[in-house]
$ cat work-v8.tsv   # TSV, C-alpha atoms and all ligand atoms
chain	number	residue	atom	x	y	z
A	1237	MET	CA	-21.74	-1.51	4.46
A	1238	GLU	CA	-20.01	-3.68	1.89
A	1239	THR	CA	-18.23	-6.70	3.38
A	1240	LEU	CA	-14.54	-7.27	2.90
A	1241	ALA	CA	-15.23	-10.52	1.02
A	1242	HIS	CA	-17.22	-8.46	-1.47
A	1243	GLN	CA	-14.41	-5.90	-1.69
A	1244	LEU	CA	-11.95	-8.73	-2.37
A	1245	GLN	CA	-14.17	-9.94	-5.20
A	1246	GLU	CA	-14.26	-6.42	-6.69
A	1247	THR	CA	-10.49	-6.13	-6.27
A	1248	ARG	CA	-9.97	-9.37	-8.20
A	1249	ILE	CA	-12.06	-8.12	-11.12
A	1250	LEU	CA	-10.34	-4.72	-11.19
A	1251	ILE	CA	-6.82	-6.14	-10.86
A	1252	ASP	CA	-7.41	-8.76	-13.58
A	1253	HIS	CA	-8.68	-6.00	-15.86
A	1254	GLU	CA	-5.73	-3.67	-15.13
A	1255	LEU	CA	-3.09	-6.42	-15.34
A	1256	LYS	CA	-4.38	-7.37	-18.79
A	1257	LYS	CA	-3.77	-3.79	-19.94
A	1258	TYR	CA	-0.14	-3.93	-18.75
A	1259	ILE	CA	0.59	-7.37	-20.21
A	1260	THR	CA	0.16	-6.92	-23.94
A	1261	ASN	CA	2.01	-8.64	-26.73
A	1262	GLY	CA	2.14	-7.62	-30.36
A	1263	GLN	CA	5.25	-9.68	-31.13
A	1264	PRO	CA	4.49	-13.21	-32.46
A	1265	LEU	CA	8.03	-14.35	-31.59
A	1266	LEU	CA	7.21	-13.86	-27.89
A	1267	LYS	CA	3.99	-15.87	-27.97
A	1268	ASP	CA	5.13	-18.69	-25.65
A	1269	LEU	CA	6.71	-16.29	-23.17
A	1270	HIS	CA	3.48	-14.32	-22.91
A	1271	GLU	CA	1.43	-17.47	-22.59
A	1272	SER	CA	3.66	-18.53	-19.71
A	1273	ILE	CA	3.26	-15.12	-17.99
A	1274	ASN	CA	-0.52	-15.11	-18.50
A	1275	TYR	CA	-0.79	-18.71	-17.30
A	1276	SER	CA	0.52	-17.80	-13.85
A	1277	LEU	CA	-0.77	-14.24	-13.61
A	1278	PHE	CA	-4.40	-15.28	-14.27
A	1279	SER	CA	-4.57	-18.65	-12.55
A	1280	GLY	CA	-6.80	-17.77	-9.62
A	1281	GLY	CA	-4.56	-15.87	-7.18
A	1282	LYS	CA	-6.56	-14.46	-4.28
A	1283	ARG	CA	-5.22	-10.89	-4.86
A	1284	ILE	CA	-4.94	-10.18	-1.14
A	1285	ARG	CA	-1.88	-7.94	-1.46
A	1286	PRO	CA	-3.68	-5.56	-3.87
A	1287	LEU	CA	-6.66	-5.59	-1.47
A	1288	PHE	CA	-4.33	-4.53	1.34
A	1289	CYS	CA	-3.00	-1.65	-0.84
A	1290	PHE	CA	-6.58	-0.49	-1.44
A	1291	ILE	CA	-7.57	-0.74	2.24
A	1292	VAL	CA	-4.57	1.40	3.22
A	1293	GLY	CA	-5.40	3.85	0.40
A	1294	ASP	CA	-9.02	4.14	1.65
A	1295	LEU	CA	-7.81	4.63	5.22
A	1296	LEU	CA	-5.79	7.64	4.07
A	1297	ASN	CA	-8.40	8.91	1.57
A	1298	ALA	CA	-6.07	8.35	-1.39
A	1299	PRO	CA	-7.90	8.08	-4.73
A	1300	ARG	CA	-8.00	4.50	-6.05
A	1301	ARG	CA	-6.46	5.51	-9.39
A	1302	LYS	CA	-3.20	6.39	-7.59
A	1303	LEU	CA	-2.92	2.85	-6.17
A	1304	ILE	CA	-3.55	0.79	-9.30
A	1305	SER	CA	0.05	0.53	-10.54
A	1306	LEU	CA	1.33	-0.40	-7.07
A	1307	ALA	CA	-1.42	-3.00	-6.56
A	1308	CYS	CA	-0.61	-4.58	-9.95
A	1309	ALA	CA	3.14	-4.39	-9.28
A	1310	VAL	CA	2.93	-6.31	-5.99
A	1311	GLU	CA	0.82	-8.97	-7.69
A	1312	MET	CA	3.40	-9.24	-10.51
A	1313	ILE	CA	6.23	-9.61	-7.98
A	1314	HIS	CA	4.22	-12.18	-6.02
A	1315	THR	CA	3.50	-14.20	-9.17
A	1316	ALA	CA	7.16	-13.96	-10.30
A	1317	SER	CA	8.24	-15.34	-6.93
A	1318	LEU	CA	5.79	-18.25	-7.14
A	1319	ILE	CA	7.01	-19.25	-10.62
A	1320	MET	CA	10.63	-19.16	-9.45
A	1321	ASP	CA	9.89	-20.89	-6.13
A	1322	ASP	CA	8.36	-23.86	-7.96
A	1323	LEU	CA	11.40	-24.48	-10.22
A	1324	PRO	CA	13.24	-27.79	-9.72
A	1325	HIS	CA	16.40	-26.18	-8.31
A	1326	MET	CA	14.27	-24.26	-5.79
A	1327	ASP	CA	11.24	-25.88	-4.15
A	1328	ASP	CA	10.66	-28.34	-7.01
A	1329	ALA	CA	6.88	-28.10	-6.78
A	1330	LYS	CA	4.60	-29.78	-9.29
A	1331	MET	CA	1.35	-27.95	-8.61
A	1332	ARG	CA	0.33	-24.36	-7.98
A	1333	ARG	CA	-3.21	-23.03	-7.61
A	1334	GLY	CA	-4.61	-26.41	-8.62
A	1335	LYS	CA	-2.73	-26.49	-11.93
A	1336	PRO	CA	0.63	-27.89	-13.08
A	1337	ALA	CA	3.50	-25.56	-12.13
A	1338	ASN	CA	4.52	-23.08	-14.85
A	1339	HIS	CA	7.79	-24.87	-15.75
A	1340	LEU	CA	5.97	-28.19	-16.27
A	1341	VAL	CA	3.83	-26.58	-18.95
A	1342	PHE	CA	6.28	-24.18	-20.61
A	1343	GLY	CA	9.71	-25.54	-19.65
A	1344	GLN	CA	12.21	-24.30	-17.07
A	1345	ASP	CA	13.87	-21.83	-19.43
A	1346	VAL	CA	10.60	-20.10	-20.32
A	1347	ALA	CA	9.37	-20.14	-16.69
A	1348	ALA	CA	12.59	-18.46	-15.48
A	1349	LEU	CA	12.27	-15.78	-18.17
A	1350	ALA	CA	8.56	-15.28	-17.38
A	1351	SER	CA	9.47	-14.73	-13.73
A	1352	ILE	CA	12.17	-12.16	-14.52
A	1353	GLY	CA	9.94	-10.51	-17.12
A	1354	LEU	CA	7.13	-10.07	-14.56
A	1355	LEU	CA	9.49	-8.83	-11.90
A	1356	THR	CA	11.00	-6.11	-14.05
A	1357	LYS	CA	7.58	-5.16	-15.45
A	1358	ALA	CA	6.49	-4.41	-11.87
A	1359	TYR	CA	9.12	-1.67	-11.52
A	1360	GLU	CA	8.42	-0.35	-15.03
A	1361	ILE	CA	4.67	0.16	-14.49
A	1362	VAL	CA	5.18	2.18	-11.29
A	1363	LEU	CA	7.91	4.29	-12.86
A	1364	LYS	CA	5.66	5.03	-15.87
A	1365	ASP	CA	2.53	5.81	-13.81
A	1366	PRO	CA	1.41	9.38	-14.68
A	1367	GLU	CA	-0.70	9.47	-11.48
A	1368	LEU	CA	2.40	9.49	-9.24
A	1369	SER	CA	4.91	12.28	-8.63
A	1370	ASP	CA	8.58	11.54	-9.34
A	1371	GLU	CA	9.30	11.59	-5.61
A	1372	LYS	CA	6.64	8.97	-4.88
A	1373	LYS	CA	7.69	6.76	-7.80
A	1374	THR	CA	11.27	6.77	-6.51
A	1375	LYS	CA	10.24	5.93	-2.95
A	1376	VAL	CA	7.81	3.18	-4.03
A	1377	VAL	CA	10.20	1.49	-6.47
A	1378	ALA	CA	13.04	1.65	-3.93
A	1379	LYS	CA	10.79	-0.16	-1.46
A	1380	LEU	CA	9.69	-2.76	-4.01
A	1381	ALA	CA	13.29	-3.47	-5.08
A	1382	ALA	CA	14.50	-3.78	-1.47
A	1383	THR	CA	11.62	-6.15	-0.76
A	1384	VAL	CA	12.71	-8.50	-3.53
A	1385	GLY	CA	16.48	-8.28	-3.01
A	1386	THR	CA	18.98	-9.99	-0.74
A	1387	GLU	CA	17.41	-8.38	2.32
A	1388	GLY	CA	13.95	-9.45	1.20
A	1389	LEU	CA	12.46	-12.39	-0.72
A	1390	VAL	CA	15.78	-13.48	-2.20
A	1391	GLY	CA	17.43	-13.56	1.24
A	1392	GLY	CA	14.49	-15.44	2.75
A	1393	GLN	CA	14.56	-17.98	-0.06
A	1394	PHE	CA	18.33	-18.41	0.33
A	1395	VAL	CA	18.07	-19.17	4.05
A	1396	ASP	CA	15.13	-21.48	3.39
A	1397	LEU	CA	17.05	-23.50	0.78
A	1398	HIS	CA	20.50	-23.46	2.33
A	1399	TYR	CA	19.63	-24.14	5.93
A	1400	SER	CA	17.15	-26.87	5.11
A	1401	LYS	CA	19.52	-29.69	6.04
A	1402	GLY	CA	19.37	-29.43	9.81
A	1403	PRO	CA	16.43	-28.58	12.03
A	1404	LYS	CA	15.46	-24.93	11.89
A	1405	ASP	CA	14.96	-23.05	15.11
A	1406	GLN	CA	12.31	-20.45	15.81
A	1407	SER	CA	14.59	-17.53	14.84
A	1408	ALA	CA	15.59	-19.10	11.48
A	1409	LEU	CA	11.94	-19.81	10.71
A	1410	GLU	CA	10.96	-16.28	11.67
A	1411	TYR	CA	13.71	-14.93	9.40
A	1412	ILE	CA	12.49	-17.04	6.48
A	1413	HIS	CA	8.83	-16.19	6.93
A	1414	THR	CA	9.46	-12.51	7.58
A	1415	HIS	CA	11.49	-12.25	4.38
A	1416	LYS	CA	9.70	-14.72	2.08
A	1417	THR	CA	6.13	-13.95	3.05
A	1418	ALA	CA	5.69	-10.96	5.35
A	1419	SER	CA	8.00	-8.61	3.42
A	1420	LEU	CA	5.69	-8.26	0.42
A	1421	PHE	CA	2.72	-7.66	2.76
A	1422	ILE	CA	4.78	-5.01	4.58
A	1423	THR	CA	5.67	-3.25	1.34
A	1424	SER	CA	2.12	-3.43	0.00
A	1425	GLY	CA	1.01	-1.51	3.09
A	1426	SER	CA	3.90	0.91	3.45
A	1427	ALA	CA	4.11	1.81	-0.26
A	1428	ALA	CA	0.34	2.43	-0.32
A	1429	ALA	CA	0.81	4.56	2.81
A	1430	ILE	CA	3.52	6.61	1.05
A	1431	ILE	CA	1.17	7.18	-1.89
A	1432	GLY	CA	-1.54	8.23	0.60
A	1433	ASP	CA	0.78	10.76	2.34
A	1434	ALA	CA	0.81	8.89	5.64
A	1435	THR	CA	2.86	10.15	8.58
A	1436	GLU	CA	5.99	8.24	9.63
A	1437	MET	CA	4.12	6.95	12.68
A	1438	GLN	CA	1.27	5.63	10.51
A	1439	ILE	CA	3.73	3.94	8.15
A	1440	ARG	CA	5.55	2.22	11.06
A	1441	ALA	CA	2.22	1.03	12.51
A	1442	LEU	CA	1.12	-0.40	9.15
A	1443	GLU	CA	4.49	-2.14	8.74
A	1444	GLN	CA	4.22	-3.76	12.17
A	1445	TYR	CA	0.65	-4.80	11.42
A	1446	ALA	CA	1.68	-6.34	8.08
A	1447	LYS	CA	4.68	-8.12	9.57
A	1448	ASN	CA	2.62	-9.77	12.30
A	1449	LEU	CA	-0.23	-10.61	9.95
A	1450	GLY	CA	2.24	-11.97	7.38
A	1451	LEU	CA	3.76	-14.28	9.99
A	1452	ALA	CA	0.31	-15.46	11.12
A	1453	PHE	CA	-0.60	-16.02	7.45
A	1454	GLN	CA	2.54	-18.12	6.89
A	1455	ILE	CA	1.99	-20.26	10.00
A	1456	LEU	CA	-1.51	-20.97	8.72
A	1457	ASP	CA	0.12	-21.91	5.40
A	1458	ASP	CA	2.31	-24.38	7.34
A	1459	ILE	CA	-0.76	-25.84	9.06
A	1460	LEU	CA	-2.54	-26.22	5.71
A	1461	ASP	CA	0.62	-27.79	4.29
A	1462	ALA	CA	0.59	-30.37	7.08
A	1463	THR	CA	-3.14	-31.01	7.34
A	1464	GLY	CA	-4.86	-29.87	4.12
A	1465	ASN	CA	-5.52	-31.91	1.00
A	1466	THR	CA	-3.81	-31.10	-2.29
A	1467	GLU	CA	-7.07	-30.61	-4.18
A	1468	GLU	CA	-8.39	-28.02	-1.75
A	1469	VAL	CA	-5.13	-26.14	-1.19
A	1470	GLY	CA	-4.18	-26.41	-4.89
A	1471	LYS	CA	-0.43	-26.93	-4.50
A	1472	THR	CA	2.08	-29.66	-3.72
A	1473	LEU	CA	1.76	-30.32	0.03
A	1474	GLY	CA	4.06	-31.79	2.68
A	1475	LYS	CA	7.22	-30.20	1.20
A	1476	ASP	CA	7.88	-28.06	4.26
A	1477	GLU	CA	9.74	-30.59	6.38
A	1478	GLU	CA	10.94	-27.75	8.59
A	1479	SER	CA	8.07	-25.48	9.51
A	1480	PHE	CA	6.32	-23.94	12.48
A	1481	VAL	CA	4.21	-27.09	12.62
A	1482	SER	CA	7.15	-29.50	12.67
A	1483	LEU	CA	8.87	-27.31	15.27
A	1484	HIS	CA	5.92	-26.62	17.57
A	1485	GLY	CA	3.04	-28.91	16.58
A	1486	ILE	CA	-0.43	-27.80	15.43
A	1487	GLU	CA	-1.75	-26.59	18.78
A	1488	LYS	CA	1.18	-24.29	19.58
A	1489	SER	CA	1.22	-23.07	15.96
A	1490	GLN	CA	-2.44	-22.11	16.31
A	1491	LEU	CA	-1.59	-20.22	19.51
A	1492	LEU	CA	1.21	-18.39	17.68
A	1493	ILE	CA	-1.26	-17.39	14.96
A	1494	ASN	CA	-3.54	-15.89	17.62
A	1495	GLN	CA	-0.58	-14.13	19.25
A	1496	TYR	CA	0.70	-12.57	16.01
A	1497	THR	CA	-2.84	-11.58	15.01
A	1498	GLN	CA	-3.42	-9.85	18.34
A	1499	GLU	CA	-0.10	-8.00	17.97
A	1500	ALA	CA	-1.15	-6.94	14.46
A	1501	ILE	CA	-4.46	-5.58	15.77
A	1502	ASP	CA	-2.78	-3.78	18.70
A	1503	THR	CA	-0.43	-1.84	16.42
A	1504	ILE	CA	-3.24	-0.30	14.38
A	1505	SER	CA	-5.16	1.09	17.35
A	1506	ILE	CA	-3.67	4.50	16.38
A	1507	PHE	CA	-6.23	4.61	13.55
A	1508	ASP	CA	-9.13	4.42	16.06
A	1509	ASP	CA	-12.39	3.32	14.44
A	1510	LYS	CA	-10.87	3.54	10.97
A	1511	ASN	CA	-8.88	0.38	11.75
A	1512	LYS	CA	-11.96	-1.84	11.26
A	1513	PRO	CA	-11.19	-2.85	7.62
A	1514	LEU	CA	-7.67	-3.83	8.75
A	1515	ILE	CA	-9.11	-6.01	11.51
A	1516	ALA	CA	-11.54	-7.52	8.99
A	1517	LEU	CA	-8.61	-8.22	6.64
A	1518	GLY	CA	-6.86	-10.15	9.42
A	1519	ASN	CA	-9.99	-12.23	10.00
A	1520	LEU	CA	-10.43	-12.85	6.28
A	1521	LEU	CA	-6.84	-14.00	5.79
A	1522	LEU	CA	-6.92	-16.32	8.75
A	1523	SER	CA	-10.25	-17.95	7.89
A	1524	ARG	CA	-8.91	-19.25	4.57
A	1525	ASN	CA	-8.54	-22.94	3.75
A	1526	MET	CA	-6.43	-22.49	0.57
B	1601	LIG	C1	11.85	-13.66	-8.39
B	1601	LIG	C2	10.42	-12.14	-6.98
B	1601	LIG	C3	11.41	-13.23	-7.05
B	1601	LIG	C4	11.89	-13.79	-5.89
B	1601	LIG	C5	13.00	-14.78	-5.79
B	1601	LIG	C6	11.76	-17.54	-5.23
B	1601	LIG	C7	11.91	-16.45	-4.23
B	1601	LIG	C8	13.01	-15.46	-4.41
B	1601	LIG	C9	11.08	-16.32	-3.18
B	1601	LIG	C10	9.91	-17.20	-2.91
B	1601	LIG	C11	8.88	-16.46	-2.11
B	1601	LIG	C12	7.61	-17.26	-1.88
B	1601	LIG	C13	7.11	-18.14	-2.95
B	1601	LIG	C14	6.94	-17.10	-0.74
B	1601	LIG	C15	5.64	-17.77	-0.44
B	1601	LIG	C16	4.63	-16.72	-0.01
B	1601	LIG	C17	3.23	-17.27	0.12
B	1601	LIG	C18	2.69	-17.54	1.46
B	1601	LIG	C19	2.50	-17.45	-0.97
B	1601	LIG	C20	1.06	-17.78	-0.98
B	1601	LIG	O1	0.37	-16.55	-1.08
B	1601	LIG	P1	-1.18	-16.50	-1.43
B	1601	LIG	O2	-1.92	-17.46	-0.55
B	1601	LIG	O3	-1.18	-17.05	-2.92
B	1601	LIG	O4	-1.63	-15.08	-1.40
B	1601	LIG	P2	-2.26	-16.84	-4.10
B	1601	LIG	O5	-2.17	-18.12	-4.89
B	1601	LIG	O6	-3.62	-16.63	-3.52
B	1601	LIG	O7	-1.80	-15.67	-4.90

$ encode --input "work-v8.tsv" --output "structure tokens" --more "lines below"
Ligand code: GRG
Amino acid sequence: METLAHQLQETRILIDHELKKYITNGQPLLKDLHESINYSLFSGGKRIRPLFCFIVGDLLNAPRRKLISLACAVEMIHTASLIMDDLPHMDDAKMRRGKPANHLVFGQDVAALASIGLLTKAYEIVLKDPELSDEKKTKVVAKLAATVGTEGLVGGQFVDLHYSKGPKDQSALEYIHTHKTASLFITSGSAAAIIGDATEMQIRALEQYAKNLGLAFQILDDILDATGNTEEVGKTLGKDEESFVSLHGIEKSQLLINQYTQEAIDTISIFDDKNKPLIALGNLLLSRNM
């Protein structure tokens, strides 16, 4: 049986290939904008959200071709959010994936436009996908838009930036991480489940799984931020003054990771033996050092 690490490698190749087809430019006047988009879209992202879409698709026997636009869309949204997050008036980060942040290479104006361009392209490619029925396109794009909006990434980012003055408590941190990080995992799973004709109960289980795994993933991010080295992790470290680690310390944060992971695994027991790739995904995400 092929290992999940191998499947991730295949996913990276496929997603890079498909993304290149969506991001084309025949207009010389837009050269710098496209360079900025390509710079961040092809700078070594792990592509774990597309992998999650494919695992859910396989679980429900949905053909891969029906999941391609969604998998590319979540990666576009993710990349758009990273470009915007790094801007000086946001997280003011200098490095991302081992390279200078987008705005340091192309300028803040171009980086902001690249982010919005990628974000809107994500909705466009799902809406134009001939593999999906109109009903599914509507449901998927509604989910993607809600995930980005004020009740999703934007809301999480707002709380992160605007409540950064005082110490954050566990519930504020959970809000931030659920909305900034877990929400795109949740939508990757639930939108793939919609495409695969999942039942309501299956969708809810996948959402719970993704939420718990997303939180565990973010706490690990906090641990790497506090203990990793910039070269290995590939981004500016030590910026998260208020994090699970500063609130609870490394040991308790590690316990929380185990707790959220166990909760994630418990919720997918409804899939019986077919839940193995989801368990393997949890292990893969939590064994990372970057
Ligand atoms: C414009 C879409 C958009 C959003 C505006 C800026 C913002 C609101 C939200 C920021 C969200 C953010 C950057 C969350 C961090 C999530 C996270 C843990 C990223 C790291 O994910 P990995 O490890 O990254 O999958 P790679 O580099 O592998 O792709």

$ residues_around --input "work-v8.tsv" --residues "stretch 1248-1253 of chain A" --least-positions-apart "2" --cutoff "8 Å" --atoms "all atoms listed in the file" --output "PyMOL selection string"
chain A and resi 1244-1246+1255-1257+1278+1282-1283+1286+1304+1307-1308

$ residues_near_ligand --input "work-v8.tsv" --ligand "ligand LIG 1601 (chain B)" --cutoff "8 Å" --atoms "all atoms listed in the file" --output "PyMOL selection string"
chain A and resi 1280-1285+1311+1313-1322+1326+1332-1333+1351-1352+1355+1384-1385+1389-1394+1413+1416-1418+1453-1454+1457+1526

$ write_last_selection --input "work-v8.tsv" --atoms "C-alpha atoms" --output "PDB file, in the frame of the given file"
ATOM      1  CA  GLY A1280      -6.800 -17.770  -9.620  1.00  0.00           C
ATOM      2  CA  GLY A1281      -4.560 -15.870  -7.180  1.00  0.00           C
ATOM      3  CA  LYS A1282      -6.560 -14.460  -4.280  1.00  0.00           C
ATOM      4  CA  ARG A1283      -5.220 -10.890  -4.860  1.00  0.00           C
ATOM      5  CA  ILE A1284      -4.940 -10.180  -1.140  1.00  0.00           C
ATOM      6  CA  ARG A1285      -1.880  -7.940  -1.460  1.00  0.00           C
ATOM      7  CA  GLU A1311       0.820  -8.970  -7.690  1.00  0.00           C
ATOM      8  CA  ILE A1313       6.230  -9.610  -7.980  1.00  0.00           C
ATOM      9  CA  HIS A1314       4.220 -12.180  -6.020  1.00  0.00           C
ATOM     10  CA  THR A1315       3.500 -14.200  -9.170  1.00  0.00           C
ATOM     11  CA  ALA A1316       7.160 -13.960 -10.300  1.00  0.00           C
ATOM     12  CA  SER A1317       8.240 -15.340  -6.930  1.00  0.00           C
ATOM     13  CA  LEU A1318       5.790 -18.250  -7.140  1.00  0.00           C
ATOM     14  CA  ILE A1319       7.010 -19.250 -10.620  1.00  0.00           C
ATOM     15  CA  MET A1320      10.630 -19.160  -9.450  1.00  0.00           C
ATOM     16  CA  ASP A1321       9.890 -20.890  -6.130  1.00  0.00           C
ATOM     17  CA  ASP A1322       8.360 -23.860  -7.960  1.00  0.00           C
ATOM     18  CA  MET A1326      14.270 -24.260  -5.790  1.00  0.00           C
ATOM     19  CA  ARG A1332       0.330 -24.360  -7.980  1.00  0.00           C
ATOM     20  CA  ARG A1333      -3.210 -23.030  -7.610  1.00  0.00           C
ATOM     21  CA  SER A1351       9.470 -14.730 -13.730  1.00  0.00           C
ATOM     22  CA  ILE A1352      12.170 -12.160 -14.520  1.00  0.00           C
ATOM     23  CA  LEU A1355       9.490  -8.830 -11.900  1.00  0.00           C
ATOM     24  CA  VAL A1384      12.710  -8.500  -3.530  1.00  0.00           C
ATOM     25  CA  GLY A1385      16.480  -8.280  -3.010  1.00  0.00           C
ATOM     26  CA  LEU A1389      12.460 -12.390  -0.720  1.00  0.00           C
ATOM     27  CA  VAL A1390      15.780 -13.480  -2.200  1.00  0.00           C
ATOM     28  CA  GLY A1391      17.430 -13.560   1.240  1.00  0.00           C
ATOM     29  CA  GLY A1392      14.490 -15.440   2.750  1.00  0.00           C
ATOM     30  CA  GLN A1393      14.560 -17.980  -0.060  1.00  0.00           C
ATOM     31  CA  PHE A1394      18.330 -18.410   0.330  1.00  0.00           C
ATOM     32  CA  HIS A1413       8.830 -16.190   6.930  1.00  0.00           C
ATOM     33  CA  LYS A1416       9.700 -14.720   2.080  1.00  0.00           C
ATOM     34  CA  THR A1417       6.130 -13.950   3.050  1.00  0.00           C
ATOM     35  CA  ALA A1418       5.690 -10.960   5.350  1.00  0.00           C
ATOM     36  CA  PHE A1453      -0.600 -16.020   7.450  1.00  0.00           C
ATOM     37  CA  GLN A1454       2.540 -18.120   6.890  1.00  0.00           C
ATOM     38  CA  ASP A1457       0.120 -21.910   5.400  1.00  0.00           C
ATOM     39  CA  MET A1526      -6.430 -22.490   0.570  1.00  0.00           C
TER      40      MET A1526
END

$ closest_residue --input "work-v8.tsv" --among "A:Ile1504, A:Ile1459, A:Leu1451, A:Ala1381" --to "A:Ser1482" --atoms "only C-alpha atoms"
A:Ile1459

$ closest_atom_pairs --input "work-v8.tsv" --of "stretch 1256-1292 of chain A" --to "stretch 1356-1375 of chain A" --cutoff "12 Å" --atoms "all atoms listed in the file" --output "JSON lines"
{"residue": "A:Lys1257", "atom": "CA", "partner": "A:Ile1361", "partner_atom": "CA", "distance": 10.8}
{"residue": "A:Tyr1258", "atom": "CA", "partner": "A:Ile1361", "partner_atom": "CA", "distance": 7.6}
{"residue": "A:Ile1259", "atom": "CA", "partner": "A:Lys1357", "partner_atom": "CA", "distance": 8.7}
{"residue": "A:Thr1260", "atom": "CA", "partner": "A:Lys1357", "partner_atom": "CA", "distance": 11.4}
{"residue": "A:Ile1273", "atom": "CA", "partner": "A:Lys1357", "partner_atom": "CA", "distance": 11.1}

$ closest_residue --input "work-v8.tsv" --among "A:Ile1422, A:Ala1347, A:Ile1455, A:Leu1269" --to "A:Cys1289" --atoms "all atoms listed in the file"
A:Ile1422

$ atom_distance --input "work-v8.tsv" --atom1 "atom CA of A:Ala1309" --atom2 "atom CA of A:Leu1287"
12.6 Å

$ residues_near_point --input "work-v8.tsv" --point "(9.8, -18.3, 13.5)" --cutoff "10 Å" --atoms "all atoms listed in the file" --output "ChimeraX atom specification"
/A:1404-1414,1451,1454-1455,1479-1480,1483,1492

$ closest_residue --input "work-v8.tsv" --among "A:Lys1510, A:Arg1524, A:Lys1330, A:His1415" --to "A:Ile1291" --atoms "only C-alpha atoms"
A:Lys1510

$ residues_around --input "work-v8.tsv" --residues "A:Phe1507" --least-positions-apart "6" --cutoff "10 Å" --atoms "all atoms listed in the file" --output "list of chain:residue names"
A:Leu1295, A:Leu1296, A:Gln1438, A:Ala1441, A:Leu1442, A:Leu1514

$ write_last_selection --input "work-v8.tsv" --atoms "C-alpha atoms" --output "PDB file, in the coordinates of the input"
ATOM      1  CA  LEU A1295      -7.810   4.630   5.220  1.00  0.00           C
ATOM      2  CA  LEU A1296      -5.790   7.640   4.070  1.00  0.00           C
ATOM      3  CA  GLN A1438       1.270   5.630  10.510  1.00  0.00           C
ATOM      4  CA  ALA A1441       2.220   1.030  12.510  1.00  0.00           C
ATOM      5  CA  LEU A1442       1.120  -0.400   9.150  1.00  0.00           C
ATOM      6  CA  LEU A1514      -7.670  -3.830   8.750  1.00  0.00           C
TER       7      LEU A1514
END

$ atom_distance --input "work-v8.tsv" --atom1 "atom CA of A:Thr1423" --atom2 "atom CA of A:Met1437"
15.3 Å
